[in-house]
Structure formats: structure tokens, C-alpha cells
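Participant: Handing you this structure, nothing more for now.
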Amino acid sequence: MKKNILTHAGMVVALLAIAAIYFMPIIQGKALPQGDLQKYEGMAKAQKDYHEATGEYATWCPSMFGGMPGYQITNSPQHSVFTPMKNILSLQIFGRQNDMGVLFLYLLGFYIALVALGVSPWLALLGGLAFGLGSYNIIIIEAGHITKAWAMAMMAPVLAGEMMCLKGAGIWRDDRKRATHMWVWGGILFLVALGLQIALNHIQITFYTAIGGVMMGIAYAVYAIKDKYFGRFMMSVGILLAGVLLALACNTRHLLVNEEYMQYTMRGGSEITVTPQDLYGKDYPRNNNSNDKGLDINYAFSWSYGIGETYTLLVPGARGGGSVEPVSKSSASYSNFRQEKMPLYWGDQPFTSGPVYFGAIVMFLFLFGMIVVRGPERWWILAAMAIAILLSWGRNLMGFNEWMFNHLPLYNKFRTPSMSLVLANVLAVLMGVLGLKEATTLHEQGETKRLLRGLYIAAGTTVGVILVGLLMSGSLNYSGAADSEMARQYGDQWPMIQNIFVQDRKALFVSDSWRSILFIVLAAATLWLYLKHWASKPKAALPVVAVLALLTVIDLQGVNSRYLNSDNYVRNARMLEMQPAQYDRDIDAIAMQAGDQDYRVLNLAVNTFNDSKPSAFHNQVGGYSAAKLRRYQDLIDFYISGRINTGVLNMLNTRYIVMNNGQVQRNPDALGNCWFVDGITPVESANDEILKLNEFNPATEAVVNVAEMGEGLKDLPKHFVNGMVRFGVDSSAYIVMEHKNPADLNTLTYRSHHNLATPALAVFSEIYYSPDWKAYIDGKPAEYIRANYILRAMLIPAGDHAIEFRNEAPTMHRLDTITLVCSIATVLIVGATLFIYYRRRKAAAK
């Protein structure tokens, strides 16, 4: 026991050392630019500044899209047992969570999973390296997709815990002690890994993990029925269901707050059936991002892996690598353009940072495992891998994937079908390692001939497929989806330029094919020598595993270095600190002179709705978020991204516009933070709301859906003038916002005055989100409504009044307590289970 603990502790230290060595430039003081993290820093800066200034957490982010829930960006720590675990395992407590912490979690997660399945530590290390160094896994670290990477690291432990539980049912009849052990520790591993994965906050990865888990459950159920232990199988299912419930309970706040918010986002479907084409004509660019239930399928399937592109799992350069692929100085591209990186990618996606390459050795070992491993593992892994690959094809296999999109729960909330390949990667490595483990067992049982036959088939098949690809290489057209855009860019010169690219695309296809063959042959020869000559020797397995691990690392890292190498780092972290652009400084100077405060900026000098960096310096009409409020996206599609509607910009308090050339224009007609209107234009539907914005004056009228008017408005005397409900006008009336420095992101305060006999209607240039924002007049709760499709409006009584909007986020705060209680209960349940288990085990040993 002590020896095992020391061995595993040593392995954990080794995994940490590997991660540190891989990111040694960072330890040496350099920094890695990670695009998504830089976007995050821009969108989160207002909230971070507020926290530093007040010690409180802001539940609203004012700096993007006119404002959106802040807990979608950064938030107070969830009161969950998994929060400290997450911080420790991802190395967040050491400030290394975004680089070496990710790789460490990859390695550690797979190592734990394999050890739990009875694999030796050294073979588990091989599996960890084979998964952790997969090209996609490294590329997303460079891109800064950190939450996705963390969640991926938990896929193998979740599936391993489930396997332990289900296998426990099958061995109960022969070995009750071991079966109980697998139920207890399998259940705990499943609970902890699933709870961590949910806490790590990438539900799409959890969704793919669930697909693998369901396929596993079906396969084991078939065997349970066949071998007549279905009752004990259901006991295993009960343990797993308890684990699911506890994992969900310990993430109650995270899940339910997101579920509440999702209903209001692009992923929750659309309330409108009209499109900008109905307003401007059929020639207007179409940009549908949602349907009435979830995302629009064309938008969701934008990043679909090509059917032929799947060949990159085995041959990395089969589709040209990345959209900005390194080329050698002997290449045709370099000879003609003197550029070290060129657009060689010719796959079906709009663009990509690099291929999804599992590894030639991994694919060879996967096929070897599929041949030699018997039992339910073979079938559930095969089924889950097939589904993962089919899902990755997205629009390239519409019959299957459209049905799945419309019927598979939650699937229409996600985009980027190619992401499903992360499940296939986990399964390929898992089966490859299980195959190597089985090789030792079968050799001891005298089945060496069967193993050699499996080796010949696996090596022959993988090498044969590549040889066929080489034979076909001369007939491929080497033209991809991105070429049409480049053709428009280069015009008449494109045929000549494309011919140069084709030469290098073909050369990469051929060279990487031979490269993969070489690694397969070396790995197969190593395994053949072991099975043929060394397997009977006591300590022969360790050097064989070491050689396979070394070859795997060389194979994978050789590809990874194309996309993450010393050239990606900058000298120090300060070079990555965001600095205001010249137009940001110009805005500040003009605003100071004009006395402008609490305004918004429309920045046309960047990709307005796909760049959050400008949000670090000013509140933006644009920004970046994968989960924008649905109604705000509608506003973008109708009135901002194509034809800009000045009335809409004015009601959004867009005081400054940064033109394409970086010049700043001040908008004198911006309506400010709040204003009184003369009346209401009532409409009957969401369609009418969005269309009416094209022809209204936001300074004098508010467009309101009659279904949302509220009791106060319904009781007002109605004087219709040209379809508008008119109120009286008080020339001395005013309503102003109290500006605070630093801004209070959770509270907005206004002062109003008017002398009308009836209440006046004020419109606030703030995004309407009723689940979180509560209104008060003179400290008493007040009703407010939605106006102008996305803004807030309120009836203000006559006289002088203080109006407050408080972002109370009641759902989040209520669920914090529930999450804490559930976490305490989970710890007690796990502790009690282990206490009872070991007490009975000790009693049985006496």
C-alpha cells in the first residue's frame, strides 16, 4: 500500500514536471498571448475594477452590448465543494491555470482514469501523454479556450468511474469484495469528476461526455441481460444516478442561473418570425442566429468537420494543417511570397488554427485495442466514437445531424459540431491503452498468436489506408472552403496564387503521410518484438512502454510545435497588457471637454460584434459573447450591423462613434441615460416591436407591447393621436442619472421632477433583464416595463423622486445557500460511505 502511494505521488510530481517543462518559457518570465483570454480581460475589466474598488462582486457587466448579466463573464466563487478542488487541480492557486495548469489537468485526469481501470502507472502515463499532447488539446491552450480544456480533462475520469461501477455488477458473483470496492470507488470517482467537470463550466463538453456514458450504459445493459445479472446492473445504475444528482446539486447555482439566462439568449430561440429581409428586401444580407427553439442550424453548423477531413486524425497535414500554416524556406509559397506562414488549409471549415490529430500511433493502437479487447468496452467505445465522428460532420451529413439537432436534448443550444471529436480523442486513447493492457493478460494466457494477428491487422490497416491516400494524392484538387473568399480578394491573380498553394498542400499531404507510416511501423515493430521475443521476460514491459511513450511524444509534439512554439511567446507579460488605442484616448479627451459621462461607444474600427477588447476602456454597443441576449442580437441584425439606424443608436446612448479609419465622431443626438417621452406607441407582438423601431422617434415616444404594459399603464387615460397614447408635457420636467466614480455596477440611481397630474413615462437607456434588476421609487418597490424592444421604462409620479435600479440577482443568491448545503451533504455522504466501507472491510478481515 505504501509503495503504491509513493509510486502514484511520484507520478503526479512527474506529470507536474512535464507540464512545467512544456511551458518552460512562461516559467522563465515570458508570456503566451491567448486570444480568448485577451477577449476575456477586455470584457471582465469593468467588473474586476469594481471588485478591486469595493470588495464586492458585480452581477452586471455594463461594458458590452449595452449591458448583460455579469455572471456570464466573471463571478463570485460558487459555494461548492468543487470550487477549491478546481482551484488546486488546475494550479489556479499558483496562478498557472491558463497554461501549464491545463496540461497538468489533462495528464492527471487521464492518469487517474487509467489507474482506476487497473492499468499500471507507467502505461497510465503513456495514456496521459497520448491524450494531453493531442494537437487539438494543445491548440486550444494557445487559443485560450481554457474552460473547454479543463472540462475535457475530466472526460476520461467520468467515464472511468462509470466503467468501474458497471464492471462491479458483472464480477459480483465471483468476487464480492472487489465488486464492492469498484462500486464504492467507482461511484466516488464518477461523482467527483462529473462535479468538477460541471464546475469547470463548459456544458457542451459535458454533453459529449454524456453521449459516451449513455453508449457505455447500453452496452453493459446488453451484457447484463445476456449474462443474467441485470438486477446488480441496476444497482450500479442507481449508484451512478446518485452521483449525477449529487454532482448537479453541488453545482446548483451555476446550472440554474445559466438555465434561467439561456432562455433569454440566442440559444433560447427567437420570439420573432420576421427578418431584416422583411424590412429592407430580400437582397439584404441574412444573419439568422436563432430559431424558435434554439440556434439556427446553419449558424450552429458553421464549423463542421469535413468527411474527408477526418483523415487528419491519422495524417495531420491531410487538409493543409491550419489556415496560417508554417512553411519551409524550400516551399513554393516561401519562394514566391517570402512568408513563413501561408493559408494552406483546404478543409470544409471557414478557417482553423490547426488539425485535429489524434496521432498515428494512437490510431494504430486504437485499432489494435478494438481487435484484442473483448466485452462491452469494445462495443460502447466503437458506438460512441462513431457517433462523435458523425456529429463532427455537421452540415456535411445533414440527414443524420439535422435529426439529431432537432431531437437530441440540448443539442440545438450548441455550435461547432467539430468539437465532438474531443470525445473521439478520449476514446481512441482509452481503447489503445486498454489494448496494451490486454496484450499482457492474453500473452500470459497463451494467446500470443491472436495478439500477433491483431497487431498485423491493425498495422496493415492503418498503413494500408495511408498508402491508398498516397496513391490518390495526385487526383485530389487541394481546394477548400476558404479558397472562394481568397479568390474574391485576389481577383485575376488567384489562379496563379492558388496553384502555388496547391503545390505546398500536396507536398504536406505526401510528407505527413510518410511521416505517419514511419511512426506506425516503429510502434508496431516495438510491439512485435515484445510479443514475439520479450513478453516472457519479467521486466520487458517497462522499456516497451517507455519506447511507445517516447515515440508518441515525438509524433504528437512534432505536430504541436507547428502551432505552439517559441515564436508564440512574448518577452514578458507586460507586453500583453491592454493599452488604449488612439481613438480611446481621443474619446476621453473629447468627453472631458464636453462633460460627457456614462455613455456608450460604437466602434467600427474593429470587428464590432466579435471583439471585446475595446470594452476594457469604454462601454460598448458591441463586444463579444457566445451567449448574447437574444433581443439584443435581433437589434444588431436589424439596425446596427448592416444599415445603421440613428434612432436606435441614440436610444442606446451612443455618444461616440469610432469610424473605420479610427477617427472619432461625437453624436450630439444621443439621448443620454434617461428621458421623459410624450407617449407610447402600443404594439401587439414582438414582430411589431422590432419593426416599429425603424420608424419611431425615441426622444418623444416609447414602443411598448400591450401585453407587457403593466397595470399602471393600462389604467392611464388613453388619448390616441396617430396611433400613439399621448401624455401631457411638462416643460420643466427632468430626470437625470447620478454619476458615481467608481461606477456602481449593481445599482443605478436617478433623480426626477415633473408637475403633471398623472405619472410621466421615463425611458432608461439600460438593457431590460427583469430576472435580476429590481426597481424602487423612494425606496419602495416599483414596477417597470420593457420599451423599445430592449430598454426599460417606468411611470414616475409627480414631484421629486429618487429612482433606483438594483441588480439583486435573486436567483443566484438564493441558490448560493442551496449549493452550500448540498455540498456539505455530499461531503458527509461520501465520508459516511467510506467509513462504513472500511469498517466492514476491517471487520471481515478479522
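Going by the C-alpha cells order, chains are called A, B, ..., each with residues numbered from 1, while ligands are numbered from 1 in the order shown.
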From a backbone DSSP assignment, name each residue in stretch 443-612 of chain A labelled strand (DSSP E), as a compact mmCIF listing (two decimals) with all heavy atoms, in the first residue's frame.

Facilitator:
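New file out.txt:
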# COMPACT_ATOMS: atom_id res chain seq x y z
N ARG A 600 -22.03 55.40 -24.28
CA ARG A 600 -21.59 54.19 -24.99
C ARG A 600 -20.91 54.57 -26.29
O ARG A 600 -21.11 55.67 -26.83
CB ARG A 600 -22.78 53.26 -25.26
CG ARG A 600 -23.40 52.73 -23.98
CD ARG A 600 -24.33 51.56 -24.23
NE ARG A 600 -24.93 51.14 -22.96
CZ ARG A 600 -26.13 51.52 -22.54
NH1 ARG A 600 -26.87 52.31 -23.31
NH2 ARG A 600 -26.60 51.12 -21.38
N VAL A 601 -20.14 53.59 -26.80
CA VAL A 601 -19.33 53.80 -28.00
C VAL A 601 -19.68 52.72 -29.02
O VAL A 601 -19.80 51.53 -28.68
CB VAL A 601 -17.83 53.74 -27.68
CG1 VAL A 601 -16.99 53.83 -28.95
CG2 VAL A 601 -17.45 54.84 -26.69
N LEU A 602 -19.85 53.11 -30.26
CA LEU A 602 -19.95 52.17 -31.37
C LEU A 602 -18.62 52.19 -32.10
O LEU A 602 -18.26 53.19 -32.72
CB LEU A 602 -21.09 52.56 -32.32
CG LEU A 602 -21.20 51.71 -33.59
CD1 LEU A 602 -21.56 50.27 -33.24
CD2 LEU A 602 -22.23 52.30 -34.56
N ASN A 603 -17.89 51.11 -32.02
CA ASN A 603 -16.53 51.04 -32.57
C ASN A 603 -16.56 50.26 -33.88
O ASN A 603 -16.69 49.04 -33.89
CB ASN A 603 -15.59 50.38 -31.57
CG ASN A 603 -14.13 50.57 -31.95
OD1 ASN A 603 -13.81 50.71 -33.12
ND2 ASN A 603 -13.25 50.57 -30.95

Participant: Applying 8 Å and only C-alpha atoms, which residues near stretch 738-742 of chain A remain after dropping the ones on its own chain fewer than 2 positions away? List them as number ranges by chain.

Facilitator: A: 50, 53, 597-598, 736, 744, 748-751

Participant: Using only C-alpha atoms, which of A:Phe509, A:Trp379, A:Tyr261, A:Phe696 sits nearest A:Tyr478?

Facilitator: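 The shortest atom-to-atom distance to A:Tyr478 comes from A:Phe509.
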
Participant: Looking at A:Gly321, A:Gly187, A:Gly10, A:Gly161, which one is nearest to A:Thr833, with distances taken over only C-alpha atoms?

Facilitator: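 With only C-alpha atoms as the atom set, the closest residue is A:Gly187.
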
Participant: Could you check which of A:Pro350, A:Met68, A:Arg840, A:Leu382 is closest to A:Val621, using only C-alpha atoms?

Facilitator: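 Nearest candidate to A:Val621 out of A:Pro350, A:Met68, A:Arg840, A:Leu382: A:Met68.
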
Participant: Leaving out A:Asp483 and any residue of its chain fewer than 3 positions from it, which residues lie within 12 Å of it when counting only C-alpha atoms, given as a PDB file with N, CA and C atoms, in the first residue's frame?

Facilitator:
ATOM      1  N   SER A 323      -5.088  27.371 -41.100  1.00  0.00           N
ATOM      2  CA  SER A 323      -5.307  28.464 -42.040  1.00  0.00           C
ATOM      3  C   SER A 323      -4.083  29.362 -42.152  1.00  0.00           C
ATOM      4  N   PRO A 343      -1.763  30.314 -46.006  1.00  0.00           N
ATOM      5  CA  PRO A 343      -3.087  29.693 -45.850  1.00  0.00           C
ATOM      6  C   PRO A 343      -3.192  28.375 -46.610  1.00  0.00           C
ATOM      7  N   LEU A 344      -2.614  27.328 -46.044  1.00  0.00           N
ATOM      8  CA  LEU A 344      -2.606  26.030 -46.727  1.00  0.00           C
ATOM      9  C   LEU A 344      -3.852  25.194 -46.431  1.00  0.00           C
ATOM     10  N   TYR A 345      -4.622  25.566 -45.428  1.00  0.00           N
ATOM     11  CA  TYR A 345      -5.795  24.754 -45.065  1.00  0.00           C
ATOM     12  C   TYR A 345      -6.783  24.692 -46.218  1.00  0.00           C
ATOM     13  N   TRP A 346      -7.233  23.490 -46.567  1.00  0.00           N
ATOM     14  CA  TRP A 346      -8.200  23.324 -47.637  1.00  0.00           C
ATOM     15  C   TRP A 346      -9.345  22.395 -47.228  1.00  0.00           C
ATOM     16  N   GLY A 347      -9.682  22.459 -45.931  1.00  0.00           N
ATOM     17  CA  GLY A 347     -10.807  21.674 -45.433  1.00  0.00           C
ATOM     18  C   GLY A 347     -12.123  22.398 -45.579  1.00  0.00           C
ATOM     19  N   ASP A 348     -13.166  21.881 -44.918  1.00  0.00           N
ATOM     20  CA  ASP A 348     -14.527  22.384 -45.084  1.00  0.00           C
ATOM     21  C   ASP A 348     -14.911  23.485 -44.103  1.00  0.00           C
ATOM     22  N   GLN A 349     -14.081  23.762 -43.109  1.00  0.00           N
ATOM     23  CA  GLN A 349     -14.411  24.794 -42.138  1.00  0.00           C
ATOM     24  C   GLN A 349     -13.993  26.169 -42.661  1.00  0.00           C
ATOM     25  N   PRO A 350     -14.630  27.244 -42.155  1.00  0.00           N
ATOM     26  CA  PRO A 350     -14.250  28.588 -42.633  1.00  0.00           C
ATOM     27  C   PRO A 350     -12.766  28.877 -42.431  1.00  0.00           C
ATOM     28  N   PHE A 351     -12.235  28.503 -41.285  1.00  0.00           N
ATOM     29  CA  PHE A 351     -10.801  28.594 -41.015  1.00  0.00           C
ATOM     30  C   PHE A 351     -10.524  27.754 -39.778  1.00  0.00           C
ATOM     31  N   ASN A 477      -8.036  17.734 -55.537  1.00  0.00           N
ATOM     32  CA  ASN A 477      -7.983  19.094 -56.091  1.00  0.00           C
ATOM     33  C   ASN A 477      -7.346  20.107 -55.140  1.00  0.00           C
ATOM     34  N   TYR A 478      -7.180  19.768 -53.873  1.00  0.00           N
ATOM     35  CA  TYR A 478      -6.498  20.618 -52.885  1.00  0.00           C
ATOM     36  C   TYR A 478      -7.111  22.026 -52.806  1.00  0.00           C
ATOM     37  N   SER A 479      -8.421  22.084 -52.947  1.00  0.00           N
ATOM     38  CA  SER A 479      -9.135  23.349 -52.854  1.00  0.00           C
ATOM     39  C   SER A 479     -10.179  23.243 -51.753  1.00  0.00           C
ATOM     40  N   GLY A 480     -10.258  24.274 -50.891  1.00  0.00           N
ATOM     41  CA  GLY A 480     -11.146  24.210 -49.745  1.00  0.00           C
ATOM     42  C   GLY A 480     -12.137  25.346 -49.681  1.00  0.00           C
ATOM     43  N   MET A 486     -10.646  33.866 -50.755  1.00  0.00           N
ATOM     44  CA  MET A 486      -9.360  34.359 -51.268  1.00  0.00           C
ATOM     45  C   MET A 486      -9.458  34.691 -52.747  1.00  0.00           C
ATOM     46  N   ALA A 487     -10.301  33.955 -53.484  1.00  0.00           N
ATOM     47  CA  ALA A 487     -10.479  34.248 -54.908  1.00  0.00           C
ATOM     48  C   ALA A 487     -11.059  35.646 -55.097  1.00  0.00           C
ATOM     49  N   ARG A 488     -12.021  36.028 -54.239  1.00  0.00           N
ATOM     50  CA  ARG A 488     -12.578  37.379 -54.312  1.00  0.00           C
ATOM     51  C   ARG A 488     -11.526  38.426 -53.936  1.00  0.00           C
ATOM     52  N   GLN A 489     -10.668  38.070 -52.990  1.00  0.00           N
ATOM     53  CA  GLN A 489      -9.651  39.008 -52.517  1.00  0.00           C
ATOM     54  C   GLN A 489      -8.575  39.263 -53.566  1.00  0.00           C
ATOM     55  N   TYR A 490      -8.138  38.198 -54.247  1.00  0.00           N
ATOM     56  CA  TYR A 490      -7.008  38.334 -55.170  1.00  0.00           C
ATOM     57  C   TYR A 490      -7.423  38.552 -56.627  1.00  0.00           C
ATOM     58  N   GLY A 491      -8.681  38.340 -56.933  1.00  0.00           N
ATOM     59  CA  GLY A 491      -9.165  38.620 -58.281  1.00  0.00           C
ATOM     60  C   GLY A 491      -8.484  37.774 -59.342  1.00  0.00           C
ATOM     61  N   TRP A 494      -5.705  35.149 -58.626  1.00  0.00           N
ATOM     62  CA  TRP A 494      -5.953  33.990 -57.781  1.00  0.00           C
ATOM     63  C   TRP A 494      -5.535  32.666 -58.418  1.00  0.00           C
ATOM     64  N   PRO A 495      -5.836  32.369 -59.681  1.00  0.00           N
ATOM     65  CA  PRO A 495      -5.424  31.064 -60.235  1.00  0.00           C
ATOM     66  C   PRO A 495      -3.927  30.804 -60.078  1.00  0.00           C
ATOM     67  N   ILE A 497      -1.914  32.221 -57.773  1.00  0.00           N
ATOM     68  CA  ILE A 497      -1.623  32.088 -56.348  1.00  0.00           C
ATOM     69  C   ILE A 497      -2.114  30.735 -55.831  1.00  0.00           C
ATOM     70  N   GLN A 498      -3.303  30.330 -56.255  1.00  0.00           N
ATOM     71  CA  GLN A 498      -3.836  29.051 -55.802  1.00  0.00           C
ATOM     72  C   GLN A 498      -2.950  27.897 -56.252  1.00  0.00           C
ATOM     73  N   ASN A 499      -2.398  27.989 -57.443  1.00  0.00           N
ATOM     74  CA  ASN A 499      -1.523  26.934 -57.929  1.00  0.00           C
ATOM     75  C   ASN A 499      -0.291  26.781 -57.035  1.00  0.00           C
ATOM     76  N   PHE A 501      -0.246  27.535 -53.778  1.00  0.00           N
ATOM     77  CA  PHE A 501      -0.734  26.907 -52.556  1.00  0.00           C
ATOM     78  C   PHE A 501      -0.948  25.406 -52.762  1.00  0.00           C
ATOM     79  N   VAL A 502      -1.486  25.040 -53.918  1.00  0.00           N
ATOM     80  CA  VAL A 502      -1.758  23.624 -54.198  1.00  0.00           C
ATOM     81  C   VAL A 502      -0.472  22.814 -54.154  1.00  0.00           C
TER      82      VAL A 502
END

Participant: Could you give me, as an MDAnalysis selection string, the residues within 10 Å of A:Ala160, counting only C-alpha atoms and dropping anything in the same chain fewer than 3 positions from it?

Facilitator: chainID A and resid 110 112:117 154:157 163:166 186:187 189:190 193 213 430

Participant: Kindly export the residues of the current selection with N, CA and C atoms, as a PDB file, in the first residue's frame.

Facilitator:
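Below is the file part_14.pdb, written as the result:
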ATOM      1  N   PHE A 110      -6.310  11.857 -17.100  1.00  0.00           N
ATOM      2  CA  PHE A 110      -6.223  10.586 -17.816  1.00  0.00           C
ATOM      3  C   PHE A 110      -5.453   9.550 -17.006  1.00  0.00           C
ATOM      4  N   ILE A 112      -5.344   9.268 -13.700  1.00  0.00           N
ATOM      5  CA  ILE A 112      -6.250   8.752 -12.663  1.00  0.00           C
ATOM      6  C   ILE A 112      -7.266   7.799 -13.269  1.00  0.00           C
ATOM      7  N   ALA A 113      -7.817   8.162 -14.424  1.00  0.00           N
ATOM      8  CA  ALA A 113      -8.817   7.308 -15.069  1.00  0.00           C
ATOM      9  C   ALA A 113      -8.254   5.926 -15.373  1.00  0.00           C
ATOM     10  N   LEU A 114      -7.057   5.876 -15.932  1.00  0.00           N
ATOM     11  CA  LEU A 114      -6.480   4.588 -16.323  1.00  0.00           C
ATOM     12  C   LEU A 114      -6.060   3.760 -15.122  1.00  0.00           C
ATOM     13  N   VAL A 115      -5.503   4.399 -14.108  1.00  0.00           N
ATOM     14  CA  VAL A 115      -5.140   3.672 -12.895  1.00  0.00           C
ATOM     15  C   VAL A 115      -6.390   3.076 -12.252  1.00  0.00           C
ATOM     16  N   ALA A 116      -7.486   3.842 -12.257  1.00  0.00           N
ATOM     17  CA  ALA A 116      -8.737   3.340 -11.702  1.00  0.00           C
ATOM     18  C   ALA A 116      -9.230   2.110 -12.444  1.00  0.00           C
ATOM     19  N   LEU A 117      -8.892   2.002 -13.723  1.00  0.00           N
ATOM     20  CA  LEU A 117      -9.306   0.859 -14.523  1.00  0.00           C
ATOM     21  C   LEU A 117      -8.306  -0.292 -14.465  1.00  0.00           C
ATOM     22  N   MET A 154     -11.633  16.215 -17.681  1.00  0.00           N
ATOM     23  CA  MET A 154     -12.451  15.395 -16.795  1.00  0.00           C
ATOM     24  C   MET A 154     -13.240  14.320 -17.529  1.00  0.00           C
ATOM     25  N   MET A 155     -13.158  14.288 -18.839  1.00  0.00           N
ATOM     26  CA  MET A 155     -13.949  13.310 -19.588  1.00  0.00           C
ATOM     27  C   MET A 155     -13.540  11.875 -19.247  1.00  0.00           C
ATOM     28  N   ALA A 156     -12.261  11.598 -19.290  1.00  0.00           N
ATOM     29  CA  ALA A 156     -11.784  10.236 -19.017  1.00  0.00           C
ATOM     30  C   ALA A 156     -12.112   9.796 -17.587  1.00  0.00           C
ATOM     31  N   PRO A 157     -11.873  10.627 -16.548  1.00  0.00           N
ATOM     32  CA  PRO A 157     -12.237  10.197 -15.191  1.00  0.00           C
ATOM     33  C   PRO A 157     -13.723   9.930 -15.018  1.00  0.00           C
ATOM     34  N   MET A 163     -17.369   3.173 -15.714  1.00  0.00           N
ATOM     35  CA  MET A 163     -16.944   1.804 -16.059  1.00  0.00           C
ATOM     36  C   MET A 163     -16.719   0.958 -14.817  1.00  0.00           C
ATOM     37  N   MET A 164     -16.080   1.538 -13.807  1.00  0.00           N
ATOM     38  CA  MET A 164     -15.835   0.788 -12.577  1.00  0.00           C
ATOM     39  C   MET A 164     -17.142   0.315 -11.954  1.00  0.00           C
ATOM     40  N   CYS A 165     -18.111   1.211 -11.879  1.00  0.00           N
ATOM     41  CA  CYS A 165     -19.408   0.850 -11.290  1.00  0.00           C
ATOM     42  C   CYS A 165     -20.096  -0.263 -12.072  1.00  0.00           C
ATOM     43  N   LEU A 166     -20.127  -0.116 -13.390  1.00  0.00           N
ATOM     44  CA  LEU A 166     -20.824  -1.103 -14.213  1.00  0.00           C
ATOM     45  C   LEU A 166     -20.091  -2.439 -14.229  1.00  0.00           C
ATOM     46  N   GLY A 186     -15.569   3.554  -7.680  1.00  0.00           N
ATOM     47  CA  GLY A 186     -16.064   3.984  -8.987  1.00  0.00           C
ATOM     48  C   GLY A 186     -17.114   5.070  -8.848  1.00  0.00           C
ATOM     49  N   GLY A 187     -18.007   4.889  -7.890  1.00  0.00           N
ATOM     50  CA  GLY A 187     -19.031   5.904  -7.658  1.00  0.00           C
ATOM     51  C   GLY A 187     -18.441   7.227  -7.211  1.00  0.00           C
ATOM     52  N   LEU A 189     -15.303   8.320  -7.785  1.00  0.00           N
ATOM     53  CA  LEU A 189     -14.584   8.915  -8.907  1.00  0.00           C
ATOM     54  C   LEU A 189     -15.560   9.564  -9.883  1.00  0.00           C
ATOM     55  N   PHE A 190     -16.647   8.867 -10.169  1.00  0.00           N
ATOM     56  CA  PHE A 190     -17.656   9.396 -11.089  1.00  0.00           C
ATOM     57  C   PHE A 190     -18.241  10.696 -10.550  1.00  0.00           C
ATOM     58  N   ALA A 193     -15.426  13.561 -10.510  1.00  0.00           N
ATOM     59  CA  ALA A 193     -15.037  14.002 -11.852  1.00  0.00           C
ATOM     60  C   ALA A 193     -16.185  14.735 -12.545  1.00  0.00           C
ATOM     61  N   GLY A 213     -21.159   8.162 -21.986  1.00  0.00           N
ATOM     62  CA  GLY A 213     -21.711   7.449 -20.845  1.00  0.00           C
ATOM     63  C   GLY A 213     -22.961   6.673 -21.189  1.00  0.00           C
ATOM     64  N   LEU A 430      -8.106   5.794 -24.864  1.00  0.00           N
ATOM     65  CA  LEU A 430      -8.569   4.827 -23.867  1.00  0.00           C
ATOM     66  C   LEU A 430      -8.520   3.406 -24.416  1.00  0.00           C
TER      67      LEU A 430
END

Participant: Name the residues in contact with A:Leu470 at a cut-off of 9 Å, using only C-alpha atoms, excluding same-chain residues fewer than 2 positions from it; report them as a list in words.

Facilitator: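 My list of contacting residues is Val465, Ile466, Leu467, Val468, Met472, Ser473, Gly474, Phe509, Val510, Ser513 and Trp514 of chain A.
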
Participant: So which bits of stretch 337-557 of chain A end up alpha helix (DSSP H) when you DSSP the backbone, as an MDAnalysis selection string?

Facilitator: chainID A and resid 337 360:372 376:392 398:407 421:444 448:472 483:490 494:529 541:557

Participant: May I have the residues within 12 Å of A:Gln557 as a PyMOL selection string, using only C-alpha atoms and disregarding those fewer than 2 positions away in the same chain?

Facilitator: chain A and resi 22+129-139+316+357-359+549-555+559-565

Participant: Could you work out how far atom CA of A:Thr440 lies from atom CA of A:Asp175, giving the answer in Å with one decimal?

Facilitator: 21.8 Å

Participant: Env of A:Asn75: 9 Å cut, atoms = only C-alpha atoms, seq-sep filter 2 positions within chain, self excluded. Answer as a PDB file with C-alpha atoms, in the first residue's frame.

Facilitator:
ATOM      1  CA  GLN A  47     -16.220  44.017 -13.102  1.00  0.00           C
ATOM      2  CA  TYR A  57     -18.775  41.281  -6.983  1.00  0.00           C
ATOM      3  CA  ALA A  58     -20.740  42.884  -9.792  1.00  0.00           C
ATOM      4  CA  THR A  59     -23.582  40.819 -11.177  1.00  0.00           C
ATOM      5  CA  GLY A  70     -22.037  39.772 -15.326  1.00  0.00           C
ATOM      6  CA  TYR A  71     -22.038  36.229 -14.006  1.00  0.00           C
ATOM      7  CA  GLN A  72     -21.692  35.098 -17.620  1.00  0.00           C
ATOM      8  CA  ILE A  73     -18.232  36.675 -17.600  1.00  0.00           C
ATOM      9  CA  PRO A  77     -16.876  31.898  -6.244  1.00  0.00           C
ATOM     10  CA  GLN A  78     -19.619  29.302  -6.094  1.00  0.00           C
TER      11      GLN A  78
END

Participant: Taking only residues of stretch 599-690 of chain A that have an atom at most 12 Å from an atom of stretch 574-595 of chain A, what is each one's shortest atom pair and its distance in Å to one decimal, using only C-alpha atoms, in chain and number order, as a tab-separated table?

Facilitator:
residue	atom	partner	partner_atom	distance
A:Tyr599	CA	A:Ala591	CA	9.3
A:Arg600	CA	A:Ile587	CA	10.6
A:Val601	CA	A:Ile587	CA	9.0
A:Leu602	CA	A:Ile587	CA	11.4
A:Asn603	CA	A:Tyr583	CA	9.4
A:Leu604	CA	A:Tyr583	CA	11.1
A:Ala605	CA	A:Tyr583	CA	9.3
A:Val606	CA	A:Ala581	CA	11.1
A:Ser612	CA	A:Met578	CA	11.4
A:Lys613	CA	A:Met578	CA	7.8
A:Pro614	CA	A:Pro580	CA	7.9
A:Ser615	CA	A:Pro580	CA	10.2
A:Ala616	CA	A:Met578	CA	7.9
A:Phe617	CA	A:Pro580	CA	6.7
A:His618	CA	A:Asp584	CA	7.7
A:Asn619	CA	A:Asp584	CA	11.1
A:Gln620	CA	A:Asp584	CA	11.6
A:Arg655	CA	A:Ala591	CA	9.1
A:Tyr656	CA	A:Ile587	CA	7.2
A:Ile657	CA	A:Ile587	CA	9.2
A:Val658	CA	A:Tyr583	CA	7.0
A:Met659	CA	A:Tyr583	CA	9.4
A:Asn660	CA	A:Tyr583	CA	10.9
A:Asn661	CA	A:Tyr583	CA	9.8
A:Gly662	CA	A:Tyr583	CA	6.0
A:Gln663	CA	A:Tyr583	CA	6.7
A:Val664	CA	A:Tyr583	CA	6.3
A:Gln665	CA	A:Ile587	CA	8.7
A:Arg666	CA	A:Ile590	CA	8.1
A:Asn667	CA	A:Ala591	CA	11.2
A:Pro668	CA	A:Ala594	CA	10.3

Participant: Find the residue from A:Arg267, A:Arg176, A:Lys506, A:Arg453 that sits nearest to A:Ala332; use only C-alpha atoms when measuring.

Facilitator: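 Of the candidates, the smallest distance to A:Ala332 is held by A:Lys506.
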